[in-house]
file protein.cif (mmCIF, C-alpha atoms and all ligand atoms)
data_target
loop_
_atom_site.label_atom_id
_atom_site.label_comp_id
_atom_site.auth_asym_id
_atom_site.auth_seq_id
_atom_site.Cartn_x
_atom_site.Cartn_y
_atom_site.Cartn_z
CA MET A 3 1.63 -52.14 25.51
CA LYS A 4 4.67 -54.22 24.63
CA ARG A 5 4.97 -53.98 20.88
CA LEU A 6 3.69 -51.91 18.00
CA ASP A 7 1.07 -54.54 17.24
CA ASP A 8 -0.68 -53.66 20.50
CA THR A 9 -1.92 -50.40 19.01
CA ARG A 10 -3.67 -49.28 15.83
CA LEU A 11 -3.65 -46.16 13.71
CA MET A 12 -7.15 -44.78 13.09
CA LEU A 13 -7.33 -42.74 9.90
CA GLY A 14 -10.39 -41.81 7.85
CA GLY A 15 -12.53 -44.19 9.89
CA LYS A 16 -10.25 -47.15 9.15
CA GLU A 17 -7.85 -49.09 11.30
CA TYR A 18 -4.25 -49.77 10.25
CA ILE A 19 -1.16 -51.43 11.67
CA PRO A 20 0.72 -48.31 12.90
CA ILE A 21 3.54 -48.64 10.38
CA MET A 22 3.84 -46.28 7.41
CA ILE A 23 6.49 -46.93 4.78
CA GLY A 24 7.73 -43.56 3.55
CA GLY A 25 8.04 -42.62 -0.12
CA MET A 26 11.44 -43.49 -1.56
CA GLY A 27 12.36 -42.07 -4.93
CA VAL A 28 13.31 -42.91 -7.58
CA ASP A 29 11.13 -46.01 -7.75
CA ILE A 30 12.73 -47.52 -4.62
CA SER A 31 9.31 -47.73 -2.96
CA LYS A 32 8.07 -49.25 -6.19
CA PRO A 33 4.63 -50.83 -6.60
CA GLU A 34 5.70 -54.32 -5.42
CA LEU A 35 7.04 -52.90 -2.16
CA VAL A 36 4.03 -50.67 -1.59
CA LEU A 37 1.57 -53.48 -2.32
CA GLU A 38 3.26 -55.65 0.31
CA GLY A 39 3.02 -52.87 2.90
CA ALA A 40 -0.69 -52.53 2.16
CA ARG A 41 -1.29 -56.29 2.13
CA LEU A 42 0.23 -56.53 5.59
CA GLY A 43 -2.18 -53.91 6.92
CA GLY A 44 0.05 -50.85 7.00
CA ILE A 45 0.24 -47.77 4.80
CA ALA A 46 2.90 -47.54 2.11
CA HIS A 47 3.87 -44.68 -0.18
CA LEU A 48 4.67 -44.55 -3.86
CA SER A 49 6.95 -41.65 -4.79
CA ASP A 50 6.36 -39.04 -7.49
CA ALA A 51 10.07 -38.64 -8.27
CA LEU A 52 10.75 -38.82 -12.05
CA ILE A 53 7.20 -39.92 -12.58
CA CYS A 54 7.32 -40.06 -16.41
CA ALA A 55 10.47 -42.21 -16.40
CA VAL A 56 8.93 -44.50 -13.77
CA SER A 57 5.79 -44.92 -15.88
CA ASP A 58 7.95 -45.79 -18.91
CA ARG A 59 9.79 -48.41 -16.85
CA HIS A 60 6.65 -50.13 -15.61
CA TYR A 61 3.95 -49.52 -18.23
CA LYS A 62 5.75 -49.33 -21.57
CA THR A 63 4.82 -45.69 -22.14
CA ASP A 64 7.37 -43.49 -23.93
CA PHE A 65 7.02 -40.15 -22.18
CA VAL A 66 10.79 -39.65 -21.83
CA LYS A 67 11.46 -40.37 -25.49
CA GLN A 68 8.69 -38.03 -26.61
CA ARG A 69 10.10 -35.24 -24.48
CA PHE A 70 13.61 -35.80 -25.82
CA ARG A 71 12.39 -35.77 -29.44
CA LYS A 72 10.68 -32.46 -28.84
CA TYR A 73 13.65 -30.66 -27.26
CA ARG A 74 16.88 -32.37 -28.40
CA GLU A 75 17.67 -29.68 -30.98
CA MET A 76 18.01 -27.13 -28.18
CA ALA A 77 20.27 -29.21 -25.95
CA HIS A 78 23.17 -26.74 -26.35
CA GLU A 79 21.26 -23.95 -24.60
CA GLU A 80 22.26 -23.36 -20.99
CA ASN A 81 18.92 -22.01 -19.89
CA LYS A 82 16.33 -24.77 -20.20
CA SER A 83 13.12 -22.79 -19.80
CA PHE A 84 12.08 -24.03 -23.27
CA ALA A 85 11.92 -27.64 -21.97
CA GLN A 86 8.47 -27.49 -20.43
CA PHE A 87 6.80 -30.70 -19.31
CA ASP A 88 3.65 -31.79 -21.10
CA LEU A 89 1.22 -31.41 -18.20
CA GLU A 90 -1.19 -34.01 -19.57
CA ALA A 91 1.68 -36.51 -19.78
CA VAL A 92 2.67 -35.80 -16.16
CA ARG A 93 -0.92 -36.27 -15.00
CA GLU A 94 -1.29 -39.47 -17.03
CA ALA A 95 2.03 -40.93 -15.83
CA THR A 96 0.98 -40.33 -12.22
CA ARG A 97 -2.46 -41.78 -12.84
CA LEU A 98 -0.95 -44.89 -14.44
CA LEU A 99 1.40 -45.54 -11.49
CA VAL A 100 -1.36 -45.10 -8.93
CA ALA A 101 -4.19 -46.84 -10.80
CA ASN A 102 -2.10 -49.89 -11.69
CA THR A 103 -0.95 -50.20 -8.08
CA MET A 104 -4.47 -49.76 -6.73
CA ASP A 105 -5.78 -52.43 -9.14
CA GLN A 106 -3.46 -55.01 -7.61
CA LYS A 107 -4.01 -54.05 -4.00
CA LYS A 108 -4.98 -56.80 -1.55
CA GLY A 109 -5.44 -56.61 2.20
CA GLU A 110 -6.61 -54.04 4.68
CA GLY A 111 -3.78 -51.52 4.38
CA ALA A 112 -3.58 -48.48 2.10
CA VAL A 113 -1.63 -47.12 -0.86
CA PHE A 114 -0.55 -43.49 -0.48
CA ILE A 115 1.71 -41.31 -2.59
CA ASN A 116 4.40 -38.87 -1.54
CA LEU A 117 4.31 -35.66 -3.60
CA MET A 118 7.26 -33.29 -3.44
CA GLU A 119 6.98 -29.55 -3.85
CA LYS A 120 10.70 -29.04 -4.45
CA LEU A 121 10.47 -31.20 -7.54
CA THR A 122 10.08 -27.95 -9.44
CA MET A 123 10.06 -29.42 -12.99
CA ASN A 124 10.51 -26.08 -14.80
CA ASN A 125 7.00 -25.03 -13.74
CA PRO A 126 6.53 -25.71 -10.03
CA ARG A 127 2.87 -24.89 -9.63
CA GLU A 128 1.41 -26.55 -12.71
CA THR A 129 3.51 -29.70 -12.60
CA LEU A 130 2.58 -30.17 -8.94
CA ARG A 131 -1.08 -29.68 -9.85
CA ALA A 132 -0.73 -32.34 -12.58
CA ARG A 133 0.82 -34.83 -10.11
CA LEU A 134 -1.85 -34.11 -7.49
CA LEU A 135 -4.67 -34.52 -9.99
CA GLY A 136 -3.15 -37.65 -11.53
CA SER A 137 -2.92 -39.22 -8.06
CA LEU A 138 -6.56 -38.44 -7.34
CA ASP A 139 -7.67 -39.68 -10.79
CA GLY A 140 -5.80 -42.94 -10.15
CA GLY A 141 -7.71 -43.54 -6.91
CA VAL A 142 -4.89 -43.06 -4.41
CA GLU A 143 -6.05 -43.43 -0.82
CA GLY A 144 -3.79 -40.78 0.65
CA ILE A 145 -1.36 -38.04 -0.31
CA SER A 146 1.58 -37.04 1.87
CA LEU A 147 2.75 -33.57 0.90
CA GLY A 148 6.51 -33.46 1.41
CA ALA A 149 9.69 -31.60 0.55
CA GLY A 150 8.40 -28.06 0.84
CA LEU A 151 5.84 -25.94 2.66
CA HIS A 152 2.92 -26.67 0.27
CA LEU A 153 1.26 -23.37 1.06
CA GLY A 154 -0.76 -23.34 -2.16
CA SER A 155 -1.09 -27.08 -2.84
CA LEU A 156 -4.60 -27.71 -1.54
CA GLU A 157 -6.02 -24.88 -3.61
CA LEU A 158 -4.70 -26.59 -6.73
CA ILE A 159 -7.06 -29.54 -6.26
CA LYS A 160 -10.00 -28.08 -4.38
CA ASP A 161 -12.38 -28.75 -7.28
CA HIS A 162 -11.47 -32.40 -7.72
CA PRO A 163 -14.41 -34.65 -6.75
CA ARG A 164 -12.14 -36.67 -4.41
CA PHE A 165 -10.68 -33.63 -2.60
CA ARG A 166 -12.57 -34.26 0.62
CA ASP A 167 -12.47 -38.08 0.52
CA VAL A 168 -8.77 -38.73 0.10
CA GLN A 169 -6.54 -38.63 3.18
CA ILE A 170 -4.15 -35.68 3.04
CA GLY A 171 -1.11 -35.32 5.28
CA ILE A 172 1.71 -32.84 5.54
CA ILE A 173 5.33 -33.70 6.29
CA VAL A 174 7.02 -31.08 8.48
CA SER A 175 10.26 -30.75 10.40
CA SER A 176 9.12 -27.96 12.75
CA VAL A 177 6.03 -26.49 14.40
CA ARG A 178 6.74 -23.31 12.47
CA ALA A 179 6.24 -25.05 9.12
CA LEU A 180 3.08 -26.73 10.39
CA LYS A 181 1.61 -23.39 11.52
CA LEU A 182 2.18 -21.88 8.09
CA PHE A 183 0.53 -24.83 6.37
CA LEU A 184 -2.47 -24.90 8.71
CA LYS A 185 -3.11 -21.23 8.14
CA ARG A 186 -3.37 -21.81 4.41
CA THR A 187 -5.64 -24.86 4.75
CA MET A 188 -8.25 -22.61 6.34
CA LYS A 189 -8.68 -20.87 3.00
CA VAL A 190 -10.11 -24.07 1.54
CA ASN A 191 -11.58 -25.30 4.82
CA ARG A 192 -9.68 -28.54 4.51
CA PRO A 193 -7.47 -29.37 7.50
CA PRO A 194 -4.94 -32.17 7.06
CA ASP A 195 -5.90 -35.67 8.20
CA TYR A 196 -2.47 -36.43 9.68
CA VAL A 197 0.94 -34.88 10.24
CA VAL A 198 4.25 -36.64 9.62
CA VAL A 199 7.07 -35.11 11.67
CA GLU A 200 10.38 -35.82 9.96
CA GLY A 201 13.46 -35.46 12.14
CA PRO A 202 17.13 -34.95 11.29
CA LEU A 203 18.04 -38.65 10.98
CA ALA A 204 15.82 -39.34 7.94
CA GLY A 205 16.92 -40.36 4.46
CA GLY A 206 16.53 -38.30 1.30
CA HIS A 207 16.57 -34.49 1.43
CA LEU A 208 16.51 -32.90 4.86
CA GLY A 209 14.57 -30.00 6.34
CA PHE A 210 17.59 -29.07 8.51
CA GLY A 211 20.83 -27.24 7.90
CA ILE A 212 24.01 -29.15 7.10
CA GLU A 213 25.75 -27.42 10.02
CA ASP A 214 23.11 -27.65 12.71
CA TRP A 215 21.05 -30.82 12.13
CA GLN A 216 22.69 -32.46 15.14
CA GLN A 217 21.14 -29.89 17.46
CA TYR A 218 17.64 -31.18 16.73
CA ASP A 219 15.94 -34.33 17.81
CA LEU A 220 12.79 -36.00 16.64
CA LYS A 221 11.26 -36.61 20.06
CA THR A 222 11.46 -32.94 21.00
CA ILE A 223 10.02 -31.73 17.69
CA MET A 224 7.24 -34.32 17.80
CA GLN A 225 6.32 -33.29 21.36
CA GLU A 226 6.15 -29.65 20.27
CA VAL A 227 3.86 -30.61 17.38
CA ILE A 228 1.59 -32.69 19.65
CA ASP A 229 1.36 -29.86 22.20
CA PHE A 230 0.64 -27.29 19.52
CA LEU A 231 -2.13 -29.38 17.93
CA LYS A 232 -3.69 -29.95 21.36
CA GLU A 233 -3.64 -26.22 22.07
CA GLN A 234 -5.43 -25.62 18.77
CA ASP A 235 -8.00 -28.37 19.46
CA PHE A 236 -6.84 -30.37 16.46
CA ASN A 237 -7.35 -34.06 16.98
CA ILE A 238 -5.26 -35.58 14.18
CA PRO A 239 -2.66 -38.36 14.18
CA VAL A 240 0.98 -37.37 14.51
CA ILE A 241 3.47 -39.74 12.88
CA PRO A 242 7.21 -39.37 13.57
CA ALA A 243 9.84 -40.34 10.96
CA GLY A 244 13.61 -40.52 10.82
CA GLY A 245 15.90 -42.97 12.54
CA ILE A 246 13.26 -45.28 14.04
CA PHE A 247 15.07 -48.54 13.55
CA THR A 248 13.23 -51.11 15.70
CA GLY A 249 9.70 -51.84 16.84
CA GLY A 250 10.81 -51.02 20.39
CA GLU A 251 12.00 -47.57 19.35
CA GLY A 252 8.70 -47.07 17.55
CA LEU A 253 6.80 -47.97 20.71
CA GLU A 254 8.63 -45.24 22.65
CA PHE A 255 7.13 -42.70 20.24
CA ILE A 256 3.66 -44.25 20.55
CA ARG A 257 3.92 -43.96 24.35
CA MET A 258 4.71 -40.25 23.92
CA GLY A 259 1.52 -39.73 21.90
CA ALA A 260 2.35 -40.69 18.31
CA SER A 261 -0.34 -42.60 16.43
CA ALA A 262 2.03 -44.53 14.14
CA ILE A 263 5.61 -44.37 12.86
CA GLN A 264 6.98 -43.71 9.38
CA VAL A 265 10.03 -45.72 8.36
CA ALA A 266 12.05 -46.18 5.18
CA THR A 267 15.73 -47.11 5.50
CA ARG A 268 15.09 -50.66 6.66
CA PHE A 269 12.98 -51.27 3.55
CA THR A 270 15.66 -50.08 1.09
CA VAL A 271 17.31 -53.52 1.26
CA ALA A 272 14.09 -55.54 0.98
CA GLU A 273 13.63 -57.94 -1.91
CA GLU A 274 10.76 -55.83 -3.30
CA SER A 275 12.70 -52.53 -3.16
CA GLY A 276 13.71 -50.97 -6.48
CA LEU A 277 17.42 -50.80 -5.61
CA PRO A 278 19.66 -53.17 -7.57
CA GLU A 279 21.01 -56.19 -5.70
CA LYS A 280 24.58 -54.82 -5.63
CA THR A 281 23.42 -51.55 -4.12
CA LYS A 282 21.49 -53.37 -1.41
CA GLN A 283 24.73 -55.14 -0.47
CA ALA A 284 26.52 -51.76 -0.31
CA TYR A 285 23.83 -50.51 2.08
CA PHE A 286 24.29 -53.57 4.30
CA LYS A 287 28.05 -53.06 4.39
CA ALA A 288 27.86 -49.36 5.28
CA GLU A 289 29.63 -48.23 8.44
CA GLU A 290 28.67 -45.15 10.42
CA GLN A 291 31.57 -43.14 9.00
CA ASP A 292 30.35 -43.89 5.45
CA ILE A 293 27.17 -41.85 5.94
CA GLU A 294 27.37 -38.14 5.17
CA ILE A 295 25.17 -35.14 4.57
CA ASN A 296 26.26 -33.05 1.63
CA LEU A 297 25.02 -30.27 -0.62
CA ILE A 298 25.49 -31.91 -4.01
CA SER A 299 21.75 -32.06 -4.70
CA PRO A 300 20.95 -29.22 -7.12
CA THR A 301 17.72 -28.61 -5.18
CA GLY A 302 19.86 -26.73 -2.65
CA TYR A 303 18.64 -28.89 0.24
CA PRO A 304 21.08 -31.04 2.22
CA MET A 305 20.86 -34.72 1.40
CA ARG A 306 22.06 -37.76 3.34
CA MET A 307 23.84 -40.50 1.40
CA LEU A 308 26.63 -43.03 1.47
CA LYS A 309 30.06 -41.60 0.66
CA GLN A 310 30.50 -44.46 -1.81
CA SER A 311 27.57 -43.20 -3.97
CA PRO A 312 28.75 -43.46 -7.58
CA CYS A 313 27.21 -40.06 -8.37
CA ILE A 314 29.70 -38.17 -6.19
CA GLY A 315 32.31 -36.46 -8.34
CA GLY A 316 30.65 -37.70 -11.55
CA GLY A 317 30.60 -35.52 -14.64
CA ILE A 318 27.81 -36.79 -16.86
CA LYS A 319 26.28 -34.56 -19.48
CA PRO A 320 23.04 -32.94 -18.25
CA ASN A 321 19.98 -34.43 -19.82
CA CYS A 322 17.24 -31.90 -19.07
CA GLU A 323 15.72 -32.40 -22.51
CA SER A 324 14.64 -35.91 -21.43
CA MET A 325 14.47 -35.37 -17.67
CA GLY A 326 14.64 -31.85 -16.18
CA TYR A 327 12.82 -32.57 -12.92
CA VAL A 328 15.02 -30.23 -10.87
CA LEU A 329 14.82 -27.23 -13.23
CA ASP A 330 13.59 -24.22 -11.30
CA ARG A 331 10.84 -21.88 -12.46
CA SER A 332 13.36 -20.00 -14.61
CA GLY A 333 14.73 -23.06 -16.40
CA ASN A 334 17.98 -23.25 -14.40
CA CYS A 335 19.71 -26.08 -12.60
CA PRO A 336 22.97 -25.53 -10.69
CA TYR A 337 24.36 -28.76 -12.14
CA VAL A 338 23.93 -27.48 -15.72
CA GLN A 339 25.94 -24.37 -14.80
CA ALA A 340 28.61 -26.43 -13.03
CA TYR A 341 28.89 -28.71 -16.07
CA LYS A 342 29.28 -25.80 -18.49
CA GLU A 343 32.04 -24.33 -16.34
CA ALA A 344 33.83 -27.67 -16.07
CA GLU A 345 33.60 -28.17 -19.84
CA THR A 346 35.41 -24.91 -20.51
CA LEU A 347 38.39 -26.26 -18.54
CA ASN A 348 38.89 -28.82 -21.32
CA GLN A 349 39.62 -31.65 -18.92
CA GLU A 350 39.90 -35.11 -20.39
CA LYS A 351 37.19 -36.35 -18.03
CA VAL A 352 34.73 -33.92 -16.52
CA SER A 353 34.44 -34.36 -12.76
CA ILE A 354 32.12 -32.15 -10.76
CA LYS A 355 32.48 -32.29 -7.01
CA GLU A 356 30.06 -29.62 -5.84
CA LYS A 357 26.85 -30.77 -7.56
CA THR A 358 25.32 -33.90 -9.06
CA CYS A 359 23.05 -34.49 -12.02
CA LEU A 360 20.29 -35.64 -9.68
CA CYS A 361 17.74 -36.82 -12.26
CA THR A 362 20.01 -39.10 -14.27
CA GLN A 363 21.95 -40.28 -11.23
CA MET A 364 18.85 -41.13 -9.25
CA ARG A 365 17.24 -42.83 -12.22
CA GLY A 366 20.34 -45.04 -12.45
CA HIS A 367 20.29 -45.62 -8.66
CA ASN A 368 23.69 -43.99 -8.29
CA THR A 369 22.71 -41.65 -5.45
CA TRP A 370 22.71 -43.93 -2.43
CA THR A 371 20.54 -41.93 -0.08
CA CYS A 372 19.76 -43.47 3.30
CA GLY A 373 18.84 -42.63 6.87
CA GLN A 374 21.47 -42.07 9.57
CA LYS A 375 20.90 -45.59 10.96
CA ALA A 376 21.72 -47.36 7.69
CA TYR A 377 24.98 -48.60 9.26
CA ARG A 378 22.83 -50.88 11.44
CA LEU A 379 21.24 -52.70 8.48
CA LYS A 380 23.80 -55.50 8.83
CA GLU A 381 22.27 -56.31 12.24
CA THR A 382 18.91 -57.04 10.64
CA THR A 383 19.70 -60.11 8.56
CA ASN A 384 21.81 -63.25 8.17
CA VAL A 385 25.23 -63.46 6.58
CA LEU A 386 25.32 -65.99 3.75
CA ALA A 387 28.06 -68.54 3.06
CA ASP A 388 29.71 -66.26 0.47
CA GLY A 389 29.89 -63.37 2.95
CA SER A 390 27.01 -61.41 1.40
CA TYR A 391 23.88 -60.47 3.31
CA GLN A 392 20.54 -62.21 2.97
CA VAL A 393 17.98 -59.88 1.46
CA PRO A 394 14.84 -59.91 3.63
CA LYS A 395 11.31 -59.65 2.29
CA VAL A 396 9.13 -56.62 3.02
CA GLU A 397 7.09 -58.99 5.16
CA ASP A 398 10.16 -59.83 7.31
CA VAL A 399 10.98 -56.18 7.95
CA PHE A 400 7.36 -55.16 8.49
CA ASN A 401 6.68 -57.99 10.93
CA ASP A 402 9.88 -57.29 12.82
CA TYR A 403 8.71 -53.71 13.44
CA ARG A 404 5.23 -54.99 14.26
CA PHE A 405 5.95 -57.85 16.64
CA SER A 406 9.42 -57.47 18.15
CA GLU A 407 9.73 -56.41 21.78
CA GLY A 408 12.25 -54.13 23.42
CA ASN A 409 15.10 -53.44 21.08
CA MET A 410 15.13 -56.95 19.67
CA ILE A 411 15.37 -57.45 15.92
CA ASN A 412 13.84 -60.65 14.54
CA LEU A 413 16.04 -61.81 11.69
CA PRO A 414 14.47 -63.26 8.55
CA LYS A 415 14.30 -67.04 8.30
CA PRO A 416 17.58 -68.20 6.69
CA ASP A 417 17.13 -68.88 2.96
C1 LIG B 1 16.25 -44.27 -0.08
C2 LIG B 1 15.34 -43.20 0.45
C3 LIG B 1 14.66 -42.38 -0.43
C4 LIG B 1 13.79 -41.41 0.03
N1 LIG B 1 13.10 -40.63 -0.86
C5 LIG B 1 12.20 -39.73 -0.42
C6 LIG B 1 11.40 -39.01 -1.35
O1 LIG B 1 11.49 -39.22 -2.57
N2 LIG B 1 10.54 -38.08 -0.86
C7 LIG B 1 10.41 -37.85 0.52
O2 LIG B 1 9.62 -36.98 0.91
N3 LIG B 1 11.13 -38.56 1.41
C8 LIG B 1 12.00 -39.48 0.97
N4 LIG B 1 12.71 -40.24 1.89
C9 LIG B 1 12.41 -40.07 3.33
C10 LIG B 1 11.49 -41.21 3.85
O3 LIG B 1 10.25 -41.19 3.20
C11 LIG B 1 11.27 -41.23 5.36
O4 LIG B 1 10.45 -40.20 5.85
C12 LIG B 1 12.52 -41.28 6.23
O5 LIG B 1 13.63 -41.74 5.55
C13 LIG B 1 12.26 -42.16 7.45
O6 LIG B 1 13.43 -42.34 8.20
P1 LIG B 1 14.29 -43.71 8.16
O7 LIG B 1 14.75 -43.85 6.77
O8 LIG B 1 15.38 -43.46 9.15
O9 LIG B 1 13.38 -44.84 8.57
C14 LIG B 1 13.61 -41.22 1.44
C15 LIG B 1 14.30 -42.05 2.32
C16 LIG B 1 15.16 -43.03 1.85
C17 LIG B 1 15.89 -43.89 2.83
#
call {"tool": "encode", "arguments": {"input": "protein.cif", "output": "structure tokens", "more": "lines below"}}
Ligand SMILES: Cc1cc2nc3c(=O)[nH]c(=O)nc-3n(C[C@H](O)[C@H](O)[C@H](O)COP(=O)(O)O)c2cc1C
result
Amino acid sequence: MKRLDDTRLMLGGKEYIPIMIGGMGVDISKPELVLEGARLGGIAHLSDALICAVSDRHYKTDFVKQRFRKYREMAHEENKSFAQFDLEAVREATRLLVANTMDQKKGEGAVFINLMEKLTMNNPRETLRARLLGSLDGGVEGISLGAGLHLGSLELIKDHPRFRDVQIGIIVSSVRALKLFLKRTMKVNRPPDYVVVEGPLAGGHLGFGIEDWQQYDLKTIMQEVIDFLKEQDFNIPVIPAGGIFTGGEGLEFIRMGASAIQVATRFTVAEESGLPEKTKQAYFKAEEQDIEINLISPTGYPMRMLKQSPCIGGGIKPNCESMGYVLDRSGNCPYVQAYKEAETLNQEKVSIKEKTCLCTQMRGHNTWTCGQKAYRLKETTNVLADGSYQVPKVEDVFNDYRFSEGNMINLPKPD
């Protein structure tokens, strides 16, 4: 075995190129990117982050406007428990994103969706149910349950006709979390079809502490997961994620017993990614010292991002009447509190260092989250005459992972 292409992922009786593109919210792993991943024979994830706003962007719906009209009169209230999501709208927005993507799918790969539990949306259980059901209604081929333990998630959809046909995976960062999840799946007699093991070098929110993430490493955690599953007689694919930057690195995991790899950071700068052109250039330019883990996400989980992210230290007015995806079950968001406190100081310009307005900032692509290896993106492409970096296509990045040997990186053909 010399390259990733020498092996295949077997899942649900089908064969795939062993490359999964992870979900990247908000709308970074947008339909165009996902469709390319599937066309090339891999598996690619849509993301459920800000699903109503994403539907409005792509399908001319007006879910965000409707929500704002309904709640704008109460915008002065600090507690936002009044601003409940219309569950039918959430289900429909998810269905639209999935069904429209599925309709355009070509090739032998698959379209999956990443559904996050910590996207609490003022009503964690019911809004998650709506996103799960909408995904199944839309014909998604697989669901990766991420950002949380998902102890009750399978029960929410056990009566859906596609419950036993769709591929269901769980994303974990420890054997402990996997054990808890497996225990609960027994209740519905529905074991997961695959396990993604996300290590401390991944992008987005992290399942590790801000102080101790460096003590963990993906290979060790993955080995523990493989050994545990073997002990329990579970024969399901294990897919490592986080910091796998080349095909050669991916192959090392396959040799240890992984069935595929999940990757994301290298696709952030692809032509089909949802990030604006300028932001892609900022990702290319990033140096190692520009990448930090901080606690500004109001979810309370550490998040990795570039220090240059425009959201850091911003002071925009909260907009939970339109958005509100991070509101907890009691209608609170730490950013709303921080904003109220800052307002009372009567500063000319509100600047909030400790938290960010995650919904609005991510919708505007101002939270530049990335994996720890983002500083190597500049090695993966050509420098153009004006000093900027050539934006590769999804196909270039995918085929580099698939076909390159050792730690080589095949650059895209110069434009
Ligand atoms: C820009 C970006 C956005 C991400 N958004 C999400 C997300 O919305 N939900 C999630 O579960 N993981 C998210 N992730 C994590 C990825 O899906 C993936 O597991 C991980 O980043 C893989 O590591 P790599 O980026 O080093 O290749 C995100 C990663 C990046 C880089």
call {"tool": "residues_near_ligand", "arguments": {"input": "protein.cif", "ligand": "ligand LIG 1 (chain B)", "cutoff": "7 Å", "atoms": "all atoms listed in the file", "output": "ChimeraX atom specification"}}
result
/A:24-28,30,49,51,116,118,148-149,200,203-207,243-247,264-268,270,370-375
call {"tool": "closest_residue", "arguments": {"input": "protein.cif", "among": "A:Val56, A:Met123, A:Ala112, A:Leu13", "to": "A:Asp29", "atoms": "only C-alpha atoms"}}
result
A:Val56
call {"tool": "residues_near_point", "arguments": {"input": "protein.cif", "point": "(1.8, -55.2, 4.2)", "cutoff": "10 Å", "atoms": "all atoms listed in the file", "output": "list of chain:residue names"}}
result
A:Ile19, A:Ile21, A:Met22, A:Ile23, A:Leu35, A:Val36, A:Leu37, A:Glu38, A:Gly39, A:Ala40, A:Arg41, A:Leu42, A:Gly43, A:Gly44, A:Ile45, A:Ala46, A:Lys108, A:Gly109, A:Glu110, A:Gly111, A:Ala112, A:Val396, A:Glu397, A:Val399, A:Phe400, A:Asn401
call {"tool": "atom_distance", "arguments": {"input": "protein.cif", "atom1": "atom CA of A:Lys67", "atom2": "atom CA of A:Ala340"}}
result
25.4 Å
call {"tool": "axis_aligned_box", "arguments": {"input": "protein.cif", "around": "stretch 181-192 of chain A", "padding_each_side": "5 Å", "output": "lines of an AutoDock Vina configuration file"}}
result
center_x = -4.7
center_y = -24.7
center_z = 6.5
size_x = 23.8
size_y = 17.7
size_z = 20.0
call {"tool": "residues_around", "arguments": {"input": "protein.cif", "residues": "A:Val227", "least_positions_apart": "2", "cutoff": "10 Å", "atoms": "only C-alpha atoms", "output": "list in words"}}
result
Val174, Ser175, Ser176, Val177, Arg178, Leu180, Lys181, Val197, Val198, Val199, Lys221, Thr222, Ile223, Met224, Gln225, Asp229, Phe230, Leu231, Lys232, Glu233 and Val240 of chain A
call {"tool": "residues_near_point", "arguments": {"input": "protein.cif", "point": "(14.9, -62.0, 10.7)", "cutoff": "8 Å", "atoms": "all atoms listed in the file", "output": "VMD selection string"}}
result
chain A and resid 382 to 384 394 398 to 399 402 411 to 416
call {"tool": "closest_atom_pairs", "arguments": {"input": "protein.cif", "of": "stretch 63-138 of chain A", "to": "stretch 325-339 of chain A", "cutoff": "9 Å", "atoms": "all atoms listed in the file", "output": "JSON lines"}}
result
{"residue": "A:Val66", "atom": "CA", "partner": "A:Met325", "partner_atom": "CA", "distance": 7.0}
{"residue": "A:Arg69", "atom": "CA", "partner": "A:Met325", "partner_atom": "CA", "distance": 8.1}
{"residue": "A:Phe70", "atom": "CA", "partner": "A:Met325", "partner_atom": "CA", "distance": 8.2}
{"residue": "A:Glu80", "atom": "CA", "partner": "A:Val338", "partner_atom": "CA", "distance": 6.9}
{"residue": "A:Asn81", "atom": "CA", "partner": "A:Gly333", "partner_atom": "CA", "distance": 5.6}
{"residue": "A:Lys82", "atom": "CA", "partner": "A:Gly333", "partner_atom": "CA", "distance": 4.5}
{"residue": "A:Ser83", "atom": "CA", "partner": "A:Gly333", "partner_atom": "CA", "distance": 3.8}
{"residue": "A:Phe84", "atom": "CA", "partner": "A:Gly333", "partner_atom": "CA", "distance": 7.4}
{"residue": "A:Ala85", "atom": "CA", "partner": "A:Gly326", "partner_atom": "CA", "distance": 7.7}
{"residue": "A:Gln86", "atom": "CA", "partner": "A:Gly333", "partner_atom": "CA", "distance": 8.7}
{"residue": "A:Phe87", "atom": "CA", "partner": "A:Gly326", "partner_atom": "CA", "distance": 8.5}
{"residue": "A:Lys120", "atom": "CA", "partner": "A:Val328", "partner_atom": "CA", "distance": 7.8}
{"residue": "A:Leu121", "atom": "CA", "partner": "A:Val328", "partner_atom": "CA", "distance": 5.7}
{"residue": "A:Thr122", "atom": "CA", "partner": "A:Asp330", "partner_atom": "CA", "distance": 5.4}
{"residue": "A:Met123", "atom": "CA", "partner": "A:Tyr327", "partner_atom": "CA", "distance": 4.2}
{"residue": "A:Asn124", "atom": "CA", "partner": "A:Leu329", "partner_atom": "CA", "distance": 4.7}
{"residue": "A:Asn125", "atom": "CA", "partner": "A:Arg331", "partner_atom": "CA", "distance": 5.1}
{"residue": "A:Pro126", "atom": "CA", "partner": "A:Arg331", "partner_atom": "CA", "distance": 6.3}
{"residue": "A:Arg127", "atom": "CA", "partner": "A:Arg331", "partner_atom": "CA", "distance": 9.0}
call {"tool": "residues_around", "arguments": {"input": "protein.cif", "residues": "A:Phe286", "least_positions_apart": "6", "cutoff": "8 Å", "atoms": "all atoms listed in the file", "output": "list in words"}}
result
Val271, Ala376, Tyr377, Arg378, Leu379, Lys380 and Tyr391 of chain A
call {"tool": "closest_residue", "arguments": {"input": "protein.cif", "among": "A:Thr187, A:Thr129, A:Asn296, A:Ser261", "to": "A:Trp215", "atoms": "only C-alpha atoms"}}
result
A:Asn296
call {"tool": "closest_residue", "arguments": {"input": "protein.cif", "among": "A:Glu273, A:Glu407, A:Asp219, A:Glu323", "to": "A:Leu6", "atoms": "only C-alpha atoms"}}
result
A:Glu407
